[in-house]
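Undergrad: Below you'll find target21.csv; it's CSV, C-alpha atoms.
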chain,number,residue,atom,x,y,z
A,46,MET,CA,0.0,0.0,0.0
A,47,PRO,CA,1.6,3.4,-1.0
A,48,MET,CA,2.5,5.7,1.8
A,49,PRO,CA,0.2,8.8,2.0
A,50,ALA,CA,1.8,12.0,0.7
A,51,ARG,CA,1.5,13.7,4.1
A,52,GLN,CA,3.3,10.8,5.8
A,53,ARG,CA,6.1,11.0,3.1
A,54,ALA,CA,6.5,14.7,3.7
A,55,ARG,CA,6.6,14.2,7.5
A,56,ASN,CA,9.3,11.5,7.1
A,57,THR,CA,11.3,13.7,4.8
A,58,MET,CA,11.1,16.6,7.3
A,59,ASN,CA,12.2,14.3,10.1
A,60,ASP,CA,15.1,13.0,8.0
A,61,VAL,CA,16.2,16.6,7.3
A,62,THR,CA,15.9,17.6,10.9
A,63,ASP,CA,18.0,14.5,12.0
A,64,LEU,CA,20.6,15.3,9.4
A,65,ALA,CA,20.8,18.9,10.5
A,66,THR,CA,21.4,17.8,14.0
A,67,ARG,CA,24.3,15.6,12.9
A,68,ILE,CA,25.7,18.4,10.8
A,69,ASP,CA,25.3,20.9,13.7
A,70,ALA,CA,27.3,18.5,16.0
A,71,LEU,CA,30.3,19.0,13.6
A,72,LEU,CA,30.2,22.8,13.6
A,73,PRO,CA,32.3,24.8,16.1
A,74,GLN,CA,29.4,26.6,17.6
A,75,THR,CA,31.1,30.0,17.5
A,76,GLN,CA,27.7,31.5,16.3
A,77,CYS,CA,29.9,34.0,14.4
A,78,GLU,CA,27.5,34.3,11.4
A,79,GLN,CA,30.4,34.3,8.9
A,80,CYS,CA,28.6,31.6,7.0
A,81,GLY,CA,25.8,34.1,6.3
A,82,PHE,CA,23.3,32.5,8.7
A,83,HIS,CA,22.2,33.5,12.1
A,84,GLY,CA,24.1,30.9,14.0
A,85,CYS,CA,25.4,27.4,13.4
A,86,ARG,CA,22.0,25.6,13.5
A,87,PRO,CA,20.4,27.6,10.7
A,88,TYR,CA,23.5,26.9,8.6
A,89,ALA,CA,23.3,23.2,9.4
A,90,GLU,CA,19.7,23.2,8.4
A,91,ALA,CA,20.5,24.8,5.1
A,92,MET,CA,23.2,22.2,4.4
A,93,ALA,CA,20.8,19.4,5.3
A,94,ARG,CA,18.3,20.8,2.7
A,95,GLY,CA,21.0,21.2,0.1
A,96,ASP,CA,20.6,24.9,0.1
A,97,ALA,CA,24.1,25.8,1.3
A,98,PRO,CA,27.6,24.4,0.5
A,99,ILE,CA,29.9,22.9,3.2
A,100,ASN,CA,32.7,25.4,2.9
A,101,ARG,CA,31.4,28.6,4.6
A,102,CYS,CA,32.7,28.1,8.1
A,103,PRO,CA,36.1,29.7,8.7
A,104,PRO,CA,36.3,28.7,12.4
A,105,GLY,CA,35.8,25.1,11.4
A,106,GLY,CA,38.5,25.4,8.7
A,107,ALA,CA,39.7,22.7,6.4
A,108,ALA,CA,39.3,20.0,9.0
A,109,GLY,CA,35.6,21.0,9.6
A,110,ILE,CA,35.0,20.9,5.9
A,111,ALA,CA,36.5,17.4,5.6
A,112,ARG,CA,34.2,16.2,8.4
A,113,LEU,CA,31.2,17.6,6.7
A,114,ALA,CA,32.1,16.1,3.4
A,115,ALA,CA,32.5,12.7,5.0
A,116,LEU,CA,29.1,13.0,6.6
A,117,LEU,CA,27.3,14.2,3.5
A,118,HIS,CA,29.3,12.0,1.0
A,119,THR,CA,30.3,15.1,-1.0
A,120,PRO,CA,33.6,16.3,-2.4
A,121,VAL,CA,35.9,18.3,-0.1
A,122,LEU,CA,35.9,21.9,-1.1
A,123,PRO,CA,38.3,24.7,-0.3
A,124,LEU,CA,37.0,27.3,2.2
A,125,ASP,CA,35.0,30.0,0.4
A,126,PRO,CA,37.2,33.2,0.9
A,127,THR,CA,34.1,35.4,0.7
A,128,HIS,CA,33.1,34.1,4.1
A,129,GLY,CA,36.5,34.7,5.8
A,130,VAL,CA,39.8,32.9,6.2
A,131,GLU,CA,40.9,30.1,8.4
A,132,LYS,CA,43.0,31.4,11.4
A,133,PRO,CA,43.7,30.4,15.0
A,134,ARG,CA,40.7,30.7,17.3
A,135,THR,CA,40.8,33.6,19.7
A,136,LEU,CA,39.1,34.9,22.9
A,137,ALA,CA,37.9,38.4,23.4
A,138,HIS,CA,39.4,40.5,26.2
A,139,ILE,CA,38.1,43.9,27.3
A,140,VAL,CA,40.7,46.5,28.3
A,141,GLU,CA,38.8,47.5,31.4
A,142,ALA,CA,40.5,50.8,31.9
A,143,ASP,CA,39.2,51.9,28.5
A,144,CYS,CA,35.6,50.5,28.8
A,145,ILE,CA,32.9,53.1,29.0
A,146,GLY,CA,30.1,50.7,30.0
A,147,CYS,CA,28.0,51.3,26.8
A,148,THR,CA,26.7,47.6,26.8
A,149,LYS,CA,27.0,47.4,23.0
A,150,CYS,CA,29.3,44.4,23.3
A,151,ILE,CA,26.9,42.7,25.6
A,152,GLN,CA,24.1,43.1,23.1
A,153,ALA,CA,26.3,41.7,20.3
A,154,CYS,CA,27.6,38.6,22.1
A,155,PRO,CA,25.6,35.6,20.9
A,156,VAL,CA,26.4,33.4,23.9
A,157,ASP,CA,26.1,35.9,26.9
A,158,ALA,CA,29.8,35.7,27.5
A,159,ILE,CA,30.1,39.4,28.5
A,160,VAL,CA,28.9,40.7,31.8
A,161,GLY,CA,28.4,44.2,33.1
A,162,ALA,CA,25.9,47.0,33.3
A,163,ALA,CA,25.3,50.4,31.8
A,164,LYS,CA,28.1,52.9,32.7
A,165,LEU,CA,29.9,50.2,34.6
A,166,MET,CA,32.9,48.2,33.5
A,167,HIS,CA,32.3,45.0,31.4
A,168,THR,CA,34.3,41.8,31.4
A,169,VAL,CA,34.5,38.7,29.2
A,170,LEU,CA,33.9,35.2,30.7
A,171,PRO,CA,36.7,33.4,28.9
A,172,ASP,CA,35.2,29.9,29.5
A,173,HIS,CA,32.0,31.1,27.7
A,174,CYS,CA,33.6,33.1,24.8
A,175,THR,CA,33.5,31.4,21.4
A,176,GLY,CA,35.8,33.8,19.7
A,177,CYS,CA,33.1,35.0,17.3
A,178,GLU,CA,34.6,38.5,17.2
A,179,LEU,CA,31.1,40.1,16.9
A,180,CYS,CA,31.8,42.3,19.9
A,181,VAL,CA,34.9,43.9,18.3
A,182,PRO,CA,33.1,46.1,15.7
A,183,ALA,CA,30.3,46.8,18.2
A,184,CYS,CA,32.7,48.5,20.6
A,185,PRO,CA,32.8,52.3,20.0
A,186,VAL,CA,36.1,52.8,21.8
A,187,ASP,CA,38.1,49.9,20.5
A,188,CYS,CA,38.8,48.5,23.9
A,189,ILE,CA,38.3,44.8,23.0
A,190,GLU,CA,41.4,42.8,22.1
A,191,LEU,CA,41.7,39.3,20.8
A,192,GLU,CA,43.9,36.7,22.5
A,193,PRO,CA,44.8,33.2,21.5
A,194,MET,CA,42.3,30.6,22.6
A,195,PRO,CA,43.9,27.7,24.5
A,196,LEU,CA,44.1,24.6,22.3
A,197,ALA,CA,42.3,22.5,24.9
A,198,GLN,CA,39.3,24.8,24.6
A,199,VAL,CA,39.4,24.7,20.8
A,200,GLU,CA,39.3,20.9,20.8
A,201,ASP,CA,36.8,20.5,23.6
A,202,THR,CA,33.6,19.1,22.1
A,203,ALA,CA,31.9,19.7,25.5
A,204,GLN,CA,32.7,23.3,25.2
A,205,ALA,CA,31.0,23.5,21.8
A,206,ASP,CA,27.9,21.8,23.3
A,207,THR,CA,27.9,24.4,26.1
A,208,SER,CA,28.2,27.3,23.6
A,209,ARG,CA,25.3,25.9,21.7
A,210,ALA,CA,23.2,25.8,24.9
A,211,HIS,CA,24.2,29.3,25.8
A,212,PHE,CA,23.2,30.5,22.3
A,213,GLN,CA,19.8,28.7,22.5
A,214,ARG,CA,19.0,30.1,25.9
A,215,ARG,CA,19.9,33.7,24.7
A,216,GLU,CA,17.7,33.3,21.6
A,217,ALA,CA,14.8,32.0,23.7
A,218,ARG,CA,15.2,34.9,26.1
A,219,LEU,CA,15.3,37.5,23.4
A,220,ALA,CA,12.3,36.0,21.7
A,221,ARG,CA,10.4,36.1,25.0
A,222,GLU,CA,11.3,39.7,25.6
A,223,ARG,CA,10.2,40.6,22.0
A,224,ALA,CA,6.9,38.9,22.6
A,225,GLU,CA,6.4,40.8,25.9
A,226,ARG,CA,7.2,44.1,24.3
A,227,GLU,CA,4.8,43.4,21.4
A,228,ALA,CA,2.1,42.4,23.8
A,229,GLU,CA,2.6,45.6,25.8
A,230,LEU,CA,2.5,47.7,22.7
A,231,ALA,CA,-0.6,46.0,21.5
A,232,SER,CA,-2.3,46.5,24.8
A,233,ARG,CA,-1.5,50.2,24.8
A,234,LYS,CA,-2.7,50.6,21.3
A,235,ALA,CA,-5.9,48.8,22.1
A,236,ALA,CA,-6.4,51.1,25.1
A,237,VAL,CA,-5.9,54.2,22.9
A,238,ASP,CA,-8.2,52.9,20.1
A,239,ALA,CA,-10.9,51.7,22.4
A,240,PRO,CA,-14.1,53.9,22.2
A,241,ALA,CA,-14.9,55.9,25.3
A,242,THR,CA,-17.3,54.2,27.7
A,243,PRO,CA,-20.7,56.0,27.6
A,244,GLN,CA,-21.1,57.9,30.9
A,245,ASN,CA,-24.1,57.2,33.1
A,246,PRO,CA,-26.5,60.2,32.6
A,247,VAL,CA,-27.6,60.2,36.3
A,248,LEU,CA,-24.0,60.3,37.5
A,249,ALA,CA,-23.2,63.0,35.0
A,250,ALA,CA,-26.1,65.1,36.3
A,251,LEU,CA,-25.0,64.7,39.9
A,252,ALA,CA,-21.4,65.6,38.9
A,253,ARG,CA,-22.6,68.8,37.2
A,254,ALA,CA,-24.8,69.7,40.3
A,255,ARG,CA,-21.9,69.2,42.6
A,256,ALA,CA,-19.7,71.4,40.3
A,257,ARG,CA,-22.3,74.2,40.4
A,258,GLN,CA,-22.6,74.0,44.2
A,259,GLY,CA,-18.9,74.2,44.5
A,260,SER,CA,-18.7,77.3,42.3
A,261,LYS,CA,-21.3,79.1,44.4
A,262,ALA,CA,-19.5,78.3,47.7
Produce structure tokens that represent the structure in this file.

TA:
Amino acid sequence: MPMPARQRARNTMNDVTDLATRIDALLPQTQCEQCGFHGCRPYAEAMARGDAPINRCPPGGAAGIARLAALLHTPVLPLDPTHGVEKPRTLAHIVEADCIGCTKCIQACPVDAIVGAAKLMHTVLPDHCTGCELCVPACPVDCIELEPMPLAQVEDTAQADTSRAHFQRREARLARERAEREAELASRKAAVDAPATPQNPVLAALARARARQGSKA
């Protein structure tokens, strides 16, 4: 008996999702967006659908491309230079004496690796930093330096899993905050657009009488 079209579509979707998860496990989880996607998972999903090539991840480099090629049974490709160049991984470091506490780097960090508050000094949590470098152009006073990432951290697959989790939590938090802001704006708009409630004529008459009495006193 032929499989219904809906079931075939569901199976195909499940296959793509499973493949995307396997691809994502091979990516470095820097969430740097050099691939042209908002994070590693969207890039993995695009590769699983066949919509993106395997050579757009500079942090993964040639070794990462080779792993992806083996998984997907495709030829190894050279890194696409339009998406960056392969280089040693780095960690961000804030020169605290120069930090003005603008929070722009905190907003740019995809894994919440920078802590601080407005008009107060910021600092990077090195164990959380992925070396994405997104904080560097965001800093208006150029107080962020890049330092070599320890090799143990580069090769630590558990570190990549932790970075993925940090990214997912941040994305969920930002989505929740956006939804709350949109709900508040919608509530305010509804209050402004709502027609005025008709006033009780008896209460209105009493209010006018009290006003006249007050003016005579």

Undergrad: Give me the residues near Cys180 (chain A) as a PDB file with C-alpha atoms, in the frame of the given file, where near means some atom within 7 Å (using all atoms listed in the file) and where sequence neighbours in that chain fewer than 4 positions away do not count.

TA:
ATOM      1  CA  CYS A 150      29.300  44.400  23.300  1.00  0.00           C
ATOM      2  CA  ALA A 153      26.300  41.700  20.300  1.00  0.00           C
ATOM      3  CA  CYS A 154      27.600  38.600  22.100  1.00  0.00           C
ATOM      4  CA  CYS A 184      32.700  48.500  20.600  1.00  0.00           C
TER       5      CYS A 184
END

Undergrad: Please indicate the distance in Å from CA of Leu191 (chain A) to CA of Gly176 (chain A), rounded to one decimal place.

TA: 8.1 Å

Undergrad: Using all atoms listed in the file, find the one residue out of A:Ala111, A:Cys80, A:Leu179, A:Leu116 that sits nearest to Ala97 (chain A).

TA: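 The shortest atom-to-atom distance to Ala97 (chain A) comes from A:Cys80.
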
Undergrad: For Ile110 (chain A), which residue out of A:Ala203, A:Ala235, A:Leu71, A:Pro133 is the nearest one, using all atoms listed in the file?

TA: A:Leu71

Undergrad: With a distance cut-off of 10 Å and only C-alpha atoms, select the neighbouring residues of Asp143 (chain A), excluding the residue or stretch itself and same-chain residues fewer than 3 positions from it, and output the selection as a list in words.

TA: Ile139, Val140, Gly146, Met166, Val186, Asp187, Cys188 and Ile189 of chain A

Undergrad: What does the distance from CA of Leu124 (chain A) to CA of Asp60 (chain A) come to in Å, to one decimal?

TA: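 So the answer is 26.8 Å.
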
Undergrad: Could you give me, as a list in words, the residues within 9 Å of His211 (chain A), counting only C-alpha atoms and dropping anything in the same chain fewer than 6 positions from it?

TA: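 What passes the distance filter is Pro155, Val156, Asp157, Ala158 and His173 of chain A.
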
Undergrad: When you look at Asp125 (chain A) with a cut-off of 8 Å (counting only C-alpha atoms), what residues show up, excluding the ones that are within fewer than 4 positions of it in the same chain? I need them as a list in words.

TA: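 Listing them by chain and then by number gives Asn100, Arg101 and Gly129 of chain A.
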
Undergrad: Which of these residues is nearest to Thr135 (chain A), using all atoms listed in the file: A:Ala239, A:Ala254, A:Cys177, A:Ala231?

TA: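 Nearest to Thr135 (chain A): A:Cys177.
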
Undergrad: Quote the spacing between CA of Pro120 (chain A) and CA of Ala70 (chain A) in Å to one decimal place.

TA: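 CA of Ala70 (chain A) lies 19.6 Å from CA of Pro120 (chain A).
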
Undergrad: Would you list the contacts of His128 (chain A) as a ChimeraX atom specification, taking every protein, DNA or RNA residue within 12 Å and counting only C-alpha atoms, but skipping same-chain residues closer than 2 positions in sequence?

TA: /A:77-82,98-106,123-126,130-131

Undergrad: I need every residue sitting at most 12 Å from the point (30.2, 27.1, 24.5) (coordinates as in the file, only C-alpha atoms considered), written as a count of residues only.

TA: 35

Undergrad: Give the answer as one residue: which of A:Met194, A:Leu165, A:Ala89, A:Gly84 has the shortest atom-to-atom distance to His138 (chain A), using only C-alpha atoms?

TA: A:Met194
